[in-house]
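Participant: Sharing entry-v1.cif below, mmCIF, C-alpha atoms:
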```
data_start
#
loop_
_atom_site.label_atom_id
_atom_site.label_comp_id
_atom_site.auth_asym_id
_atom_site.auth_seq_id
_atom_site.Cartn_x
_atom_site.Cartn_y
_atom_site.Cartn_z
CA MET A 10 15.26 -50.41 14.48
CA THR A 11 12.94 -48.12 16.45
CA HIS A 12 9.29 -48.67 17.17
CA SER A 13 6.34 -46.34 17.57
CA VAL A 14 4.04 -46.52 20.56
CA ALA A 15 1.31 -47.73 18.22
CA ASP A 16 3.36 -50.79 17.25
CA HIS A 17 2.87 -52.25 20.72
CA ALA A 18 -0.51 -50.82 21.64
CA TRP A 19 -1.64 -54.45 21.89
CA LEU A 20 0.44 -54.78 25.08
CA PRO A 21 -1.76 -53.37 27.86
CA ASP A 22 -0.35 -51.50 30.83
CA HIS A 23 -0.97 -54.41 33.20
CA GLN A 24 1.31 -56.57 31.02
CA LEU A 25 4.22 -54.14 30.54
CA HIS A 26 6.30 -56.24 32.95
CA VAL A 27 6.57 -58.80 30.14
CA ALA A 28 8.88 -56.53 28.12
CA ALA A 29 11.35 -56.19 30.99
CA THR A 30 11.50 -59.93 31.65
CA LEU A 31 12.04 -60.69 27.97
CA ALA A 32 14.87 -58.14 27.94
CA HIS A 33 16.43 -59.92 30.94
CA VAL A 34 16.22 -63.22 29.06
CA ASP A 35 17.84 -61.64 26.01
CA ALA A 36 20.72 -60.25 28.09
CA THR A 37 21.24 -63.69 29.63
CA LEU A 38 21.22 -65.36 26.22
CA GLU A 39 23.85 -62.89 25.03
CA ARG A 40 26.12 -63.96 27.91
CA ILE A 41 25.52 -67.61 27.02
CA ASN A 42 26.30 -67.05 23.33
CA LEU A 43 29.54 -65.27 24.17
CA LEU A 44 30.57 -68.05 26.56
CA VAL A 45 29.83 -70.70 23.92
CA HIS A 46 31.79 -68.82 21.25
CA GLN A 47 34.78 -68.38 23.55
CA TYR A 48 34.73 -72.07 24.49
CA THR A 49 34.51 -73.37 20.92
CA ALA A 50 37.05 -70.83 19.59
CA GLN A 51 39.75 -72.12 21.93
CA GLY A 52 39.59 -75.52 20.25
CA PRO A 53 38.29 -77.67 23.11
CA LEU A 54 39.58 -80.95 21.62
CA ALA A 55 43.09 -82.36 22.00
CA LEU A 56 43.88 -84.62 19.04
CA GLN A 57 46.59 -87.11 18.13
CA GLU A 58 47.54 -88.78 14.85
CA THR A 59 48.28 -92.51 14.94
CA ALA A 60 49.42 -94.66 12.01
CA VAL A 61 47.42 -97.87 11.61
CA GLY A 62 48.46 -99.89 8.57
CA ASN A 63 48.14 -97.70 5.50
CA GLN A 64 45.96 -95.13 7.30
CA VAL A 65 46.57 -92.32 9.76
CA ASN A 66 43.80 -91.97 12.33
CA LEU A 67 42.98 -88.73 14.11
CA ALA A 68 41.75 -89.51 17.62
CA VAL A 69 40.47 -87.47 20.55
CA THR A 70 42.89 -87.45 23.49
CA GLY A 71 41.34 -84.67 25.57
CA ILE A 72 38.15 -82.60 25.90
CA SER A 73 38.08 -79.26 27.71
CA PRO A 74 35.25 -79.19 30.27
CA VAL A 75 32.29 -76.94 29.53
CA PRO A 76 32.39 -73.93 31.91
CA GLU A 77 30.17 -74.55 34.95
CA ALA A 78 28.55 -71.14 34.42
CA LEU A 79 27.02 -72.25 31.14
CA PRO A 80 24.40 -74.82 32.26
CA ARG A 81 23.45 -72.50 35.11
CA LEU A 82 22.98 -69.50 32.84
CA VAL A 83 20.91 -71.70 30.51
CA ALA A 84 18.74 -72.76 33.44
CA ASP A 85 18.33 -69.10 34.45
CA ALA A 86 17.21 -68.07 30.96
CA LEU A 87 14.77 -70.96 30.58
CA THR A 88 13.32 -70.45 34.06
CA GLN A 89 12.67 -66.79 33.23
CA LEU A 90 11.01 -67.75 29.94
CA ARG A 91 8.64 -70.03 31.80
CA ALA A 92 8.13 -67.40 34.51
CA VAL A 93 7.09 -64.75 32.00
CA LEU A 94 4.32 -67.08 30.79
CA GLU A 95 3.14 -67.67 34.36
CA HIS A 96 3.23 -63.94 35.12
CA THR A 97 1.24 -63.16 31.96
CA VAL A 98 -1.50 -65.65 32.84
CA TYR A 99 -1.67 -64.36 36.41
CA ALA A 100 -1.86 -60.69 35.38
CA GLU A 101 -4.49 -61.38 32.70
CA VAL A 102 -6.79 -63.35 34.99
CA GLU A 103 -6.51 -60.81 37.80
CA HIS A 104 -7.13 -57.92 35.40
CA ARG A 105 -10.30 -59.53 34.04
CA LEU A 106 -11.56 -60.31 37.52
CA ALA A 107 -10.95 -56.66 38.49
CA ARG A 108 -9.99 -57.79 41.98
CA PRO A 109 -6.96 -59.26 43.73
CA LEU A 110 -6.70 -63.05 43.70
CA SER A 111 -6.97 -64.88 46.99
CA ALA A 112 -4.02 -66.89 48.27
CA GLN A 113 -5.66 -70.15 47.19
CA GLU A 114 -6.53 -68.79 43.74
CA SER A 115 -2.99 -67.47 43.31
CA ARG A 116 -1.49 -70.87 44.08
CA ALA A 117 -3.85 -72.51 41.58
CA LEU A 118 -2.80 -70.26 38.68
CA GLU A 119 -0.03 -71.47 36.39
CA MET A 120 0.79 -72.04 32.76
CA PRO A 121 -0.48 -75.56 32.05
CA ALA A 122 1.34 -77.84 29.61
CA ALA A 123 -1.04 -80.67 28.78
CA VAL A 124 -0.02 -83.41 26.37
CA ALA A 125 -3.65 -84.62 26.07
CA ARG A 126 -6.95 -82.74 25.68
CA ASP A 127 -8.55 -84.34 28.71
CA GLY A 128 -5.56 -83.28 30.80
CA PHE A 129 -6.20 -79.65 29.93
CA ASP A 130 -9.92 -80.02 30.65
CA GLU A 131 -9.07 -81.45 34.07
CA TRP A 132 -6.78 -78.48 34.70
CA LEU A 133 -9.63 -76.07 34.01
CA THR A 134 -11.93 -77.84 36.47
CA HIS A 135 -9.53 -77.72 39.43
CA ARG A 136 -11.39 -76.81 42.65
CA TRP A 137 -10.10 -73.22 42.68
CA ARG A 138 -9.71 -72.59 38.94
CA ARG A 139 -13.25 -73.64 38.06
CA HIS A 140 -14.60 -70.73 40.12
CA LEU A 141 -12.65 -68.16 38.10
CA PRO A 142 -14.80 -66.90 35.16
CA PRO A 143 -11.78 -66.09 32.92
CA LEU A 144 -10.90 -69.81 33.01
CA HIS A 145 -14.35 -71.16 32.26
CA SER A 146 -14.54 -73.36 29.18
CA GLY A 147 -15.06 -71.12 26.17
CA ALA A 148 -13.79 -67.97 27.90
CA ALA A 149 -11.13 -66.02 26.00
CA ILE A 150 -8.18 -66.85 28.26
CA SER A 151 -9.02 -70.54 28.50
CA GLN A 152 -9.26 -70.69 24.70
CA ARG A 153 -5.90 -68.97 24.33
CA LEU A 154 -4.32 -71.35 26.81
CA ARG A 155 -5.83 -74.28 24.93
CA ALA A 156 -4.32 -73.05 21.65
CA LEU A 157 -0.82 -73.11 23.19
CA GLN A 158 -0.96 -76.61 24.65
CA PRO A 159 1.48 -79.34 23.57
CA PHE A 160 -1.39 -81.65 22.55
CA GLN A 161 -2.04 -79.28 19.64
CA ARG A 162 1.08 -80.65 17.94
CA ARG A 163 1.23 -84.10 16.36
CA ASP A 164 4.17 -84.97 18.62
CA PRO A 165 3.57 -83.17 21.94
CA ASN A 166 7.15 -83.89 23.01
CA GLU A 167 8.36 -81.55 20.24
CA HIS A 168 6.11 -78.65 21.29
CA PRO A 169 8.08 -75.63 22.61
CA LEU A 170 6.00 -75.44 25.78
CA LYS A 171 6.62 -79.10 26.59
CA ILE A 172 10.36 -78.67 25.95
CA LEU A 173 10.48 -75.54 28.12
CA VAL A 174 8.60 -77.16 30.99
CA GLU A 175 10.83 -80.24 30.98
CA TYR A 176 14.01 -78.16 31.04
CA THR A 177 12.77 -75.97 33.89
CA ASN A 178 11.43 -78.87 35.95
CA LEU A 179 14.88 -80.43 35.75
CA ALA A 180 16.59 -77.17 36.71
CA LYS A 181 14.23 -76.44 39.62
CA HIS A 182 14.15 -79.87 41.19
CA ARG A 183 17.16 -81.97 40.22
CA MET A 184 20.13 -80.30 38.51
CA PRO A 185 21.07 -77.52 36.08
CA THR A 186 20.62 -78.11 32.39
CA VAL A 187 22.71 -80.98 30.99
CA ALA A 188 25.26 -79.46 28.59
CA ALA A 189 28.21 -81.07 26.85
CA ALA A 190 30.68 -80.62 24.03
CA ARG A 191 29.78 -82.65 20.94
CA LEU A 192 31.28 -83.12 17.52
CA GLY A 193 29.39 -81.07 14.96
CA ALA A 194 31.37 -81.88 11.82
CA VAL A 195 34.73 -82.81 10.34
CA TYR A 196 35.40 -81.68 6.79
CA ALA A 197 38.29 -81.03 4.42
CA ALA A 198 39.18 -77.77 2.70
CA ALA A 199 39.19 -79.75 -0.55
CA PRO A 200 37.68 -83.19 -1.27
CA HIS A 201 40.03 -86.15 -0.88
CA PRO A 202 38.98 -89.66 -2.01
CA GLY A 203 40.82 -91.41 0.83
CA LEU A 204 39.37 -89.32 3.64
CA THR A 205 36.74 -90.75 5.98
CA VAL A 206 35.18 -88.78 8.82
CA SER A 207 32.91 -89.79 11.68
CA GLN A 208 30.67 -86.73 11.34
CA PRO A 209 30.25 -85.20 7.87
CA LEU A 210 29.31 -81.53 7.53
CA LYS A 211 25.60 -80.69 7.36
CA MET A 212 24.60 -77.28 6.07
CA ARG A 213 21.43 -77.20 8.18
CA PRO A 214 22.00 -79.18 11.40
CA GLN A 215 18.84 -80.35 13.13
CA ALA A 216 18.05 -81.39 16.69
CA GLY A 217 19.74 -84.72 17.34
CA ASP A 218 22.56 -84.14 14.83
CA GLY A 219 26.21 -84.38 15.84
CA GLN A 220 27.84 -87.07 17.94
CA PRO A 221 29.04 -87.47 21.54
CA LEU A 222 32.74 -87.05 22.25
CA ASN A 223 34.81 -89.55 24.21
CA ILE A 224 38.52 -89.99 24.73
CA GLY A 225 39.82 -92.37 22.09
CA ASP A 226 37.18 -91.57 19.45
CA VAL A 227 38.60 -91.66 15.93
CA ILE A 228 37.05 -88.72 14.11
CA ALA A 229 38.97 -88.90 10.82
CA SER A 230 41.18 -91.27 8.86
CA ILE A 231 43.41 -90.46 5.87
CA PRO A 232 45.88 -92.49 3.78
CA ARG A 233 49.49 -92.36 4.92
CA GLY A 234 51.41 -89.59 3.20
CA ALA A 235 48.32 -87.64 2.21
CA ARG A 236 48.14 -83.95 3.10
CA VAL A 237 44.58 -82.97 4.01
CA GLU A 238 43.61 -79.74 5.74
CA LEU A 239 40.75 -80.51 8.13
CA SER A 240 38.27 -78.27 9.88
CA ILE A 241 36.81 -79.69 13.09
CA VAL A 242 33.59 -78.17 14.41
CA SER A 243 32.78 -78.75 18.06
CA THR A 244 29.49 -77.61 19.55
CA VAL A 245 28.01 -77.02 22.97
CA SER A 246 24.73 -78.87 23.10
CA LEU A 247 21.86 -79.34 25.54
CA GLN A 248 20.11 -82.62 26.28
CA ARG A 249 16.32 -82.48 26.41
CA PRO A 250 15.31 -84.16 29.67
CA HIS A 251 12.22 -85.95 28.37
CA THR A 252 13.53 -87.35 25.07
CA GLN A 253 17.32 -87.38 25.75
CA MET A 254 17.79 -85.70 22.35
CA TRP A 255 20.72 -83.31 22.01
CA ASN A 256 20.45 -79.94 20.30
CA ILE A 257 22.97 -77.14 19.74
CA ALA A 258 22.55 -74.85 22.74
CA VAL A 259 22.31 -71.52 20.93
CA ASN A 260 19.75 -72.95 18.49
CA GLU A 261 17.60 -74.51 21.22
CA LEU A 262 17.56 -71.34 23.28
CA ALA A 263 16.87 -69.13 20.26
CA ASP A 264 13.89 -71.27 19.23
CA LEU A 265 12.34 -71.26 22.71
CA GLU A 266 12.90 -67.51 23.21
CA ASP A 267 11.37 -66.76 19.82
CA TRP A 268 8.28 -68.91 20.51
CA VAL A 269 7.63 -67.31 23.89
CA ARG A 270 8.16 -63.75 22.62
CA THR A 271 6.46 -63.91 19.22
CA THR A 272 3.80 -66.60 19.71
CA ALA A 273 2.95 -67.43 23.32
CA ILE A 274 2.87 -63.92 24.83
CA PRO A 275 0.86 -62.30 21.99
CA THR A 276 -1.56 -65.25 21.96
CA LEU A 277 -2.16 -65.08 25.72
CA ILE A 278 -2.79 -61.33 25.59
CA THR A 279 -4.56 -60.84 22.23
CA GLY A 280 -5.58 -64.30 21.05
CA SER A 281 -3.30 -64.06 18.01
CA ARG A 282 0.39 -63.91 17.13
CA ASP A 283 -0.41 -61.53 14.25
CA VAL A 284 0.90 -58.43 16.04
CA ALA A 285 4.16 -56.47 16.03
CA PRO A 286 6.54 -58.67 18.04
CA LEU A 287 7.96 -57.28 21.24
CA PRO A 288 11.59 -56.19 20.83
CA PRO A 289 13.99 -58.43 22.73
CA GLN A 290 16.74 -55.94 23.54
CA MET A 291 15.63 -53.24 25.96
CA ASP A 292 17.70 -51.37 28.53
CA ILE A 293 16.76 -52.74 31.94
CA PHE A 294 20.01 -51.78 33.65
CA SER A 295 18.94 -48.15 33.96
CA GLY A 296 15.94 -47.05 35.97
CA GLN A 297 12.89 -46.63 33.72
CA ASN A 298 10.08 -44.25 34.58
CA ASP A 299 8.05 -45.45 31.59
CA LEU A 300 8.52 -48.94 30.19
CA ARG A 301 6.23 -48.16 27.27
CA SER A 302 8.48 -45.32 26.16
CA ALA A 303 11.52 -47.56 26.61
CA LEU A 304 10.03 -49.94 24.02
CA GLN A 305 10.42 -47.25 21.36
CA SER A 306 14.23 -47.40 21.56
CA ALA A 307 14.49 -51.15 22.15
CA GLY A 308 16.57 -53.24 19.75
CA ALA A 309 14.68 -55.54 17.39
CA GLN A 310 17.55 -58.04 16.97
CA SER A 311 17.55 -61.01 19.31
CA ALA A 312 20.66 -62.24 21.12
CA ALA A 313 20.83 -65.12 18.63
CA GLU A 314 20.79 -62.75 15.65
CA ARG A 315 23.39 -60.48 17.21
CA GLY A 316 25.52 -63.53 18.05
CA ARG A 317 25.41 -64.75 14.44
CA GLN A 318 26.48 -61.33 13.16
CA ARG A 319 29.27 -61.15 15.71
CA LEU A 320 30.53 -64.63 14.81
CA GLN A 321 30.47 -63.76 11.10
CA ALA A 322 32.46 -60.59 11.79
CA ALA A 323 34.96 -62.47 13.98
CA THR A 324 35.43 -65.09 11.25
CA ALA A 325 35.87 -62.40 8.61
CA LEU A 326 38.49 -60.60 10.70
CA ALA A 327 40.41 -63.81 11.41
CA ASN A 328 40.35 -64.67 7.71
CA MET A 329 41.75 -61.23 6.87
CA LEU A 330 44.58 -61.52 9.41
CA ASP A 331 45.62 -65.17 9.09
CA PRO A 332 47.20 -65.05 5.58
CA ILE A 333 49.48 -62.11 6.50
CA ALA A 334 50.08 -62.76 10.19
CA GLY A 335 52.76 -65.37 9.83
CA ILE A 336 53.15 -68.93 11.11
CA GLY A 337 52.03 -69.68 14.64
CA MET A 338 49.56 -66.81 15.08
CA SER A 339 46.33 -68.49 13.97
CA GLU A 340 45.28 -69.83 17.38
CA ALA A 341 46.06 -66.55 19.15
CA ILE A 342 44.08 -64.61 16.53
CA SER A 343 41.07 -66.94 16.87
CA THR A 344 41.06 -66.55 20.64
CA TRP A 345 41.45 -62.77 20.40
CA VAL A 346 38.72 -62.06 17.85
CA VAL A 347 36.11 -63.93 19.83
CA SER A 348 36.86 -61.74 22.85
CA LEU A 349 35.90 -58.56 20.94
CA ASP A 350 32.47 -57.02 20.92
CA MET A 351 30.76 -56.10 17.67
CA PRO A 352 31.91 -52.43 17.53
CA ALA A 353 35.54 -53.46 18.14
CA LEU A 354 35.32 -56.16 15.46
CA GLN A 355 33.85 -53.76 12.94
CA GLN A 356 36.49 -51.15 13.75
CA CYS A 357 39.31 -53.63 13.07
CA ILE A 358 37.69 -54.76 9.81
CA ASP A 359 37.30 -51.14 8.70
CA ARG A 360 40.94 -50.36 9.56
CA LEU A 361 42.14 -53.26 7.41
CA SER A 362 39.76 -52.47 4.56
CA HIS A 363 40.80 -48.82 4.41
CA ALA A 364 44.48 -49.73 4.46
CA ARG A 365 44.35 -52.21 1.58
CA SER A 366 45.04 -49.58 -1.07
CA SER A 367 48.61 -49.24 0.23
CA THR A 368 50.91 -52.14 1.03
CA ARG A 369 52.81 -50.01 3.53
CA ASN A 370 49.63 -48.90 5.32
CA LEU A 371 48.26 -52.43 5.33
CA ARG A 372 51.46 -53.78 6.91
CA ARG A 373 51.37 -51.03 9.53
CA VAL A 374 47.73 -51.71 10.47
CA VAL A 375 48.33 -55.48 10.56
CA ASP A 376 51.34 -54.98 12.84
CA GLU A 377 49.29 -52.76 15.14
CA ILE A 378 46.51 -55.32 15.35
CA LEU A 379 48.92 -58.22 15.87
CA ASN A 380 50.52 -56.29 18.71
CA GLU A 381 47.06 -56.12 20.29
CA VAL A 382 46.72 -59.90 19.77
CA ARG A 383 50.09 -60.54 21.44
CA ALA A 384 49.25 -58.22 24.34
CA ALA A 385 45.97 -60.05 24.91
CA GLU A 386 47.77 -63.42 24.74
CA SER A 387 50.40 -62.20 27.22
CA GLY A 388 47.66 -60.97 29.55
CA ARG A 389 45.98 -64.38 29.51
CA GLY A 390 49.30 -66.06 30.32
#
```
Just dump the structure as structure tokens.

Facilitator:
Amino acid sequence: MTHSVADHAWLPDHQLHVAATLAHVDATLERINLLVHQYTAQGPLALQETAVGNQVNLAVTGISPVPEALPRLVADALTQLRAVLEHTVYAEVEHRLARPLSAQESRALEMPAAVARDGFDEWLTHRWRRHLPPLHSGAAISQRLRALQPFQRRDPNEHPLKILVEYTNLAKHRMPTVAAARLGAVYAAAPHPGLTVSQPLKMRPQAGDGQPLNIGDVIASIPRGARVELSIVSTVSLQRPHTQMWNIAVNELADLEDWVRTTAIPTLITGSRDVAPLPPQMDIFSGQNDLRSALQSAGAQSAAERGRQRLQAATALANMLDPIAGIGMSEAISTWVVSLDMPALQQCIDRLSHARSSTRNLRRVVDEILNEVRAAESGRG
């Protein structure tokens, strides 16, 4: 999708830096999503069947460690999301003052995150902030800041700003974000009356869903002699520092990015979120003479949306290949498809779709693709 200059006329020149920082966050989130997909596609759990009486239990015997890059990339993305709020407040106050801020005033400016009304009022009356007219009670910026405070929500701990601040305080002062593999769901291809699972499938998982994984955990149990095809969904999740609640990483990051980009930034600059949202995907790896012009060609899909499309395409391609690939290729195919970018995935899907009218052509295309899978597997070895 392309945008006209008029779409983002609400973003003044002194706030154009916001678009570049949001694009940096989006690029970081894309790296995170790819890393998560690669980790989960490899099947991070080692499992073993054990007969106990009339049942066969499926237990966890190993868990692949989450790549060390992941919590650090998450911390980078979240820190930049908080920074873009701080930069917006700073630029807006300085613009309205029509003069540079002093060193003391600069140090006093930040994005507050008050869980109580009196806490925000105290923030406004700080010795340096109270002398800045844009932050006087009733002034436009102070009212916009007030509207974004965690105390505006019934449970301040669930407010996006509170969540963002807690994550970034942890990352800045103590450790990177806490990330871990968790069990998202265990479910059968077809219902079986004797099957029990520790984590049933939920169509719309919420924050806090899923379960921790430990060596020895029994995640499914079936009657002896029964043949049940199971799907096991593992997730990479983040632990919120202030509530200890776990949430699927890509969902948590998508929600926080969306709030900052579509609610917080427009509110700080215009007083409302009812404006054309800034596009998340802009080229910041080439030198830009005019950021405003660059917005016209920026992509409107967020990293989360692109990641969902890519995962759907990878799943579709794997499902097309698996039935005709032969025994023993499923794991290699799953690992290979997740390594492809969206254009490569779509190209493979198109090749298979066009060849379906002829059995001979279909077999030839499948063989060509499977040779690519084997070459990739050999390269990894």

Participant: Any idea what the distance is between CA of Leu87 in chain A and CA of Thr177 in chain A?

Facilitator: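 Separation of CA of Leu87 in chain A and CA of Thr177 in chain A: 6.3 Å.
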
Participant: Report, in Å with one decimal, the straight-line distance from CA of Asp85 in chain A to CA of Leu38 in chain A.

Facilitator: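 So the answer is 9.5 Å.
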
Participant: Show me, as a PyMOL selection string, the residues that have an atom within 10 Å of Arg105 in chain A when counting all atoms listed in the file, minus same-chain residues fewer than 6 positions from it.

Facilitator: chain A and resi 141-143+150

Participant: Would you write out those residues with C-alpha atoms, as a compact mmCIF listing (two decimals), keeping the file's coordinate frame?

Facilitator:
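So the final result, stored in selection.txt, reads:
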```txt
# COMPACT_ATOMS: atom_id res chain seq x y z
CA LEU A 141 -12.65 -68.16 38.10
CA PRO A 142 -14.80 -66.90 35.16
CA PRO A 143 -11.78 -66.09 32.92
CA ILE A 150 -8.18 -66.85 28.26
```

Participant: Could you expand the PyMOL selection byres ((chain A and resi 304-318) around 8) into the explicit residues it covers here, written as JSON, numbers by chain?

Facilitator: {"A": [10, 11, 12, 13, 14, 28, 35, 36, 38, 39, 42, 43, 259, 260, 263, 287, 288, 289, 290, 291, 292, 300, 301, 302, 303, 319, 320, 321, 322]}

Participant: Using the chain letters and numbering of this document, enumerate as a PDB file with C-alpha atoms, in the frame of the given file the residues selected by the PyMOL selection byres ((chain A and resi 201-203) around 9).

Facilitator:
```
ATOM      1  CA  ALA A 197      38.290 -81.030   4.420  1.00  0.00           C
ATOM      2  CA  ALA A 199      39.190 -79.750  -0.550  1.00  0.00           C
ATOM      3  CA  PRO A 200      37.680 -83.190  -1.270  1.00  0.00           C
ATOM      4  CA  LEU A 204      39.370 -89.320   3.640  1.00  0.00           C
ATOM      5  CA  THR A 205      36.740 -90.750   5.980  1.00  0.00           C
ATOM      6  CA  SER A 230      41.180 -91.270   8.860  1.00  0.00           C
ATOM      7  CA  ILE A 231      43.410 -90.460   5.870  1.00  0.00           C
ATOM      8  CA  PRO A 232      45.880 -92.490   3.780  1.00  0.00           C
ATOM      9  CA  ALA A 235      48.320 -87.640   2.210  1.00  0.00           C
ATOM     10  CA  VAL A 237      44.580 -82.970   4.010  1.00  0.00           C
TER      11      VAL A 237
END
```

Participant: When you draw a straight line from CA of Ala123 in chain A to CA of Val269 in chain A, how long is it in Å?

Facilitator: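 That distance, rounded to one decimal, is 16.7 Å.
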
Participant: For Ile72 in chain A, which residue out of A:Ala325, A:Val245, A:Leu154, A:Val284 is the nearest one, using only C-alpha atoms?

Facilitator: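 Ranked by minimum distance to Ile72 in chain A, first place goes to A:Val245.
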
Participant: Mind telling me what the PyMOL selection byres ((chain A and resi 253) around 12) catches here, as a PyMOL selection string?

Facilitator: chain A and resi 166+172+175-176+186-188+216-217+246-252+254-256

Participant: Deliver the residues from the most recent selection as a file, using C-alpha atoms, as an mmCIF file, in the coordinates of the input.

Facilitator:
```
data_model
loop_
_atom_site.group_PDB
_atom_site.id
_atom_site.type_symbol
_atom_site.label_atom_id
_atom_site.label_comp_id
_atom_site.auth_asym_id
_atom_site.auth_seq_id
_atom_site.Cartn_x
_atom_site.Cartn_y
_atom_site.Cartn_z
ATOM 1 C CA ASN A 166 7.150 -83.890 23.010
ATOM 2 C CA ILE A 172 10.360 -78.670 25.950
ATOM 3 C CA GLU A 175 10.830 -80.240 30.980
ATOM 4 C CA TYR A 176 14.010 -78.160 31.040
ATOM 5 C CA THR A 186 20.620 -78.110 32.390
ATOM 6 C CA VAL A 187 22.710 -80.980 30.990
ATOM 7 C CA ALA A 188 25.260 -79.460 28.590
ATOM 8 C CA ALA A 216 18.050 -81.390 16.690
ATOM 9 C CA GLY A 217 19.740 -84.720 17.340
ATOM 10 C CA SER A 246 24.730 -78.870 23.100
ATOM 11 C CA LEU A 247 21.860 -79.340 25.540
ATOM 12 C CA GLN A 248 20.110 -82.620 26.280
ATOM 13 C CA ARG A 249 16.320 -82.480 26.410
ATOM 14 C CA PRO A 250 15.310 -84.160 29.670
ATOM 15 C CA HIS A 251 12.220 -85.950 28.370
ATOM 16 C CA THR A 252 13.530 -87.350 25.070
ATOM 17 C CA MET A 254 17.790 -85.700 22.350
ATOM 18 C CA TRP A 255 20.720 -83.310 22.010
ATOM 19 C CA ASN A 256 20.450 -79.940 20.300
#
```

Participant: So which residues fall inside 7 Å of (44.8, -89.2, 14.0) if we count only C-alpha atoms? Mind giving them as a list of chain:residue names?

Facilitator: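 Residues satisfying the cut-off, written out: A:Leu56, A:Gln57, A:Glu58, A:Thr59, A:Val65, A:Asn66, A:Leu67, A:Ala68, A:Val227, A:Ala229, A:Ser230.
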
Participant: Do you know which residues lie at most 9 Å from (3.4, -70.0, 19.2), with coordinates as in the file and all atoms listed in the file counted, and could you write them as a list of chain:residue names?

Facilitator: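 Selection result: A:Ala156, A:Leu157, A:Pro169, A:Leu170, A:Asp267, A:Trp268, A:Val269, A:Arg270, A:Thr271, A:Thr272, A:Ala273, A:Ile274, A:Pro275, A:Thr276, A:Arg282.
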
Participant: Hey, which of A:Val83, A:Ala149, A:Leu277, A:Val346 ends up closest to Glu386 in chain A? Count only C-alpha atoms.

Facilitator: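 That would be A:Val346, the residue with the smallest distance to Glu386 in chain A.
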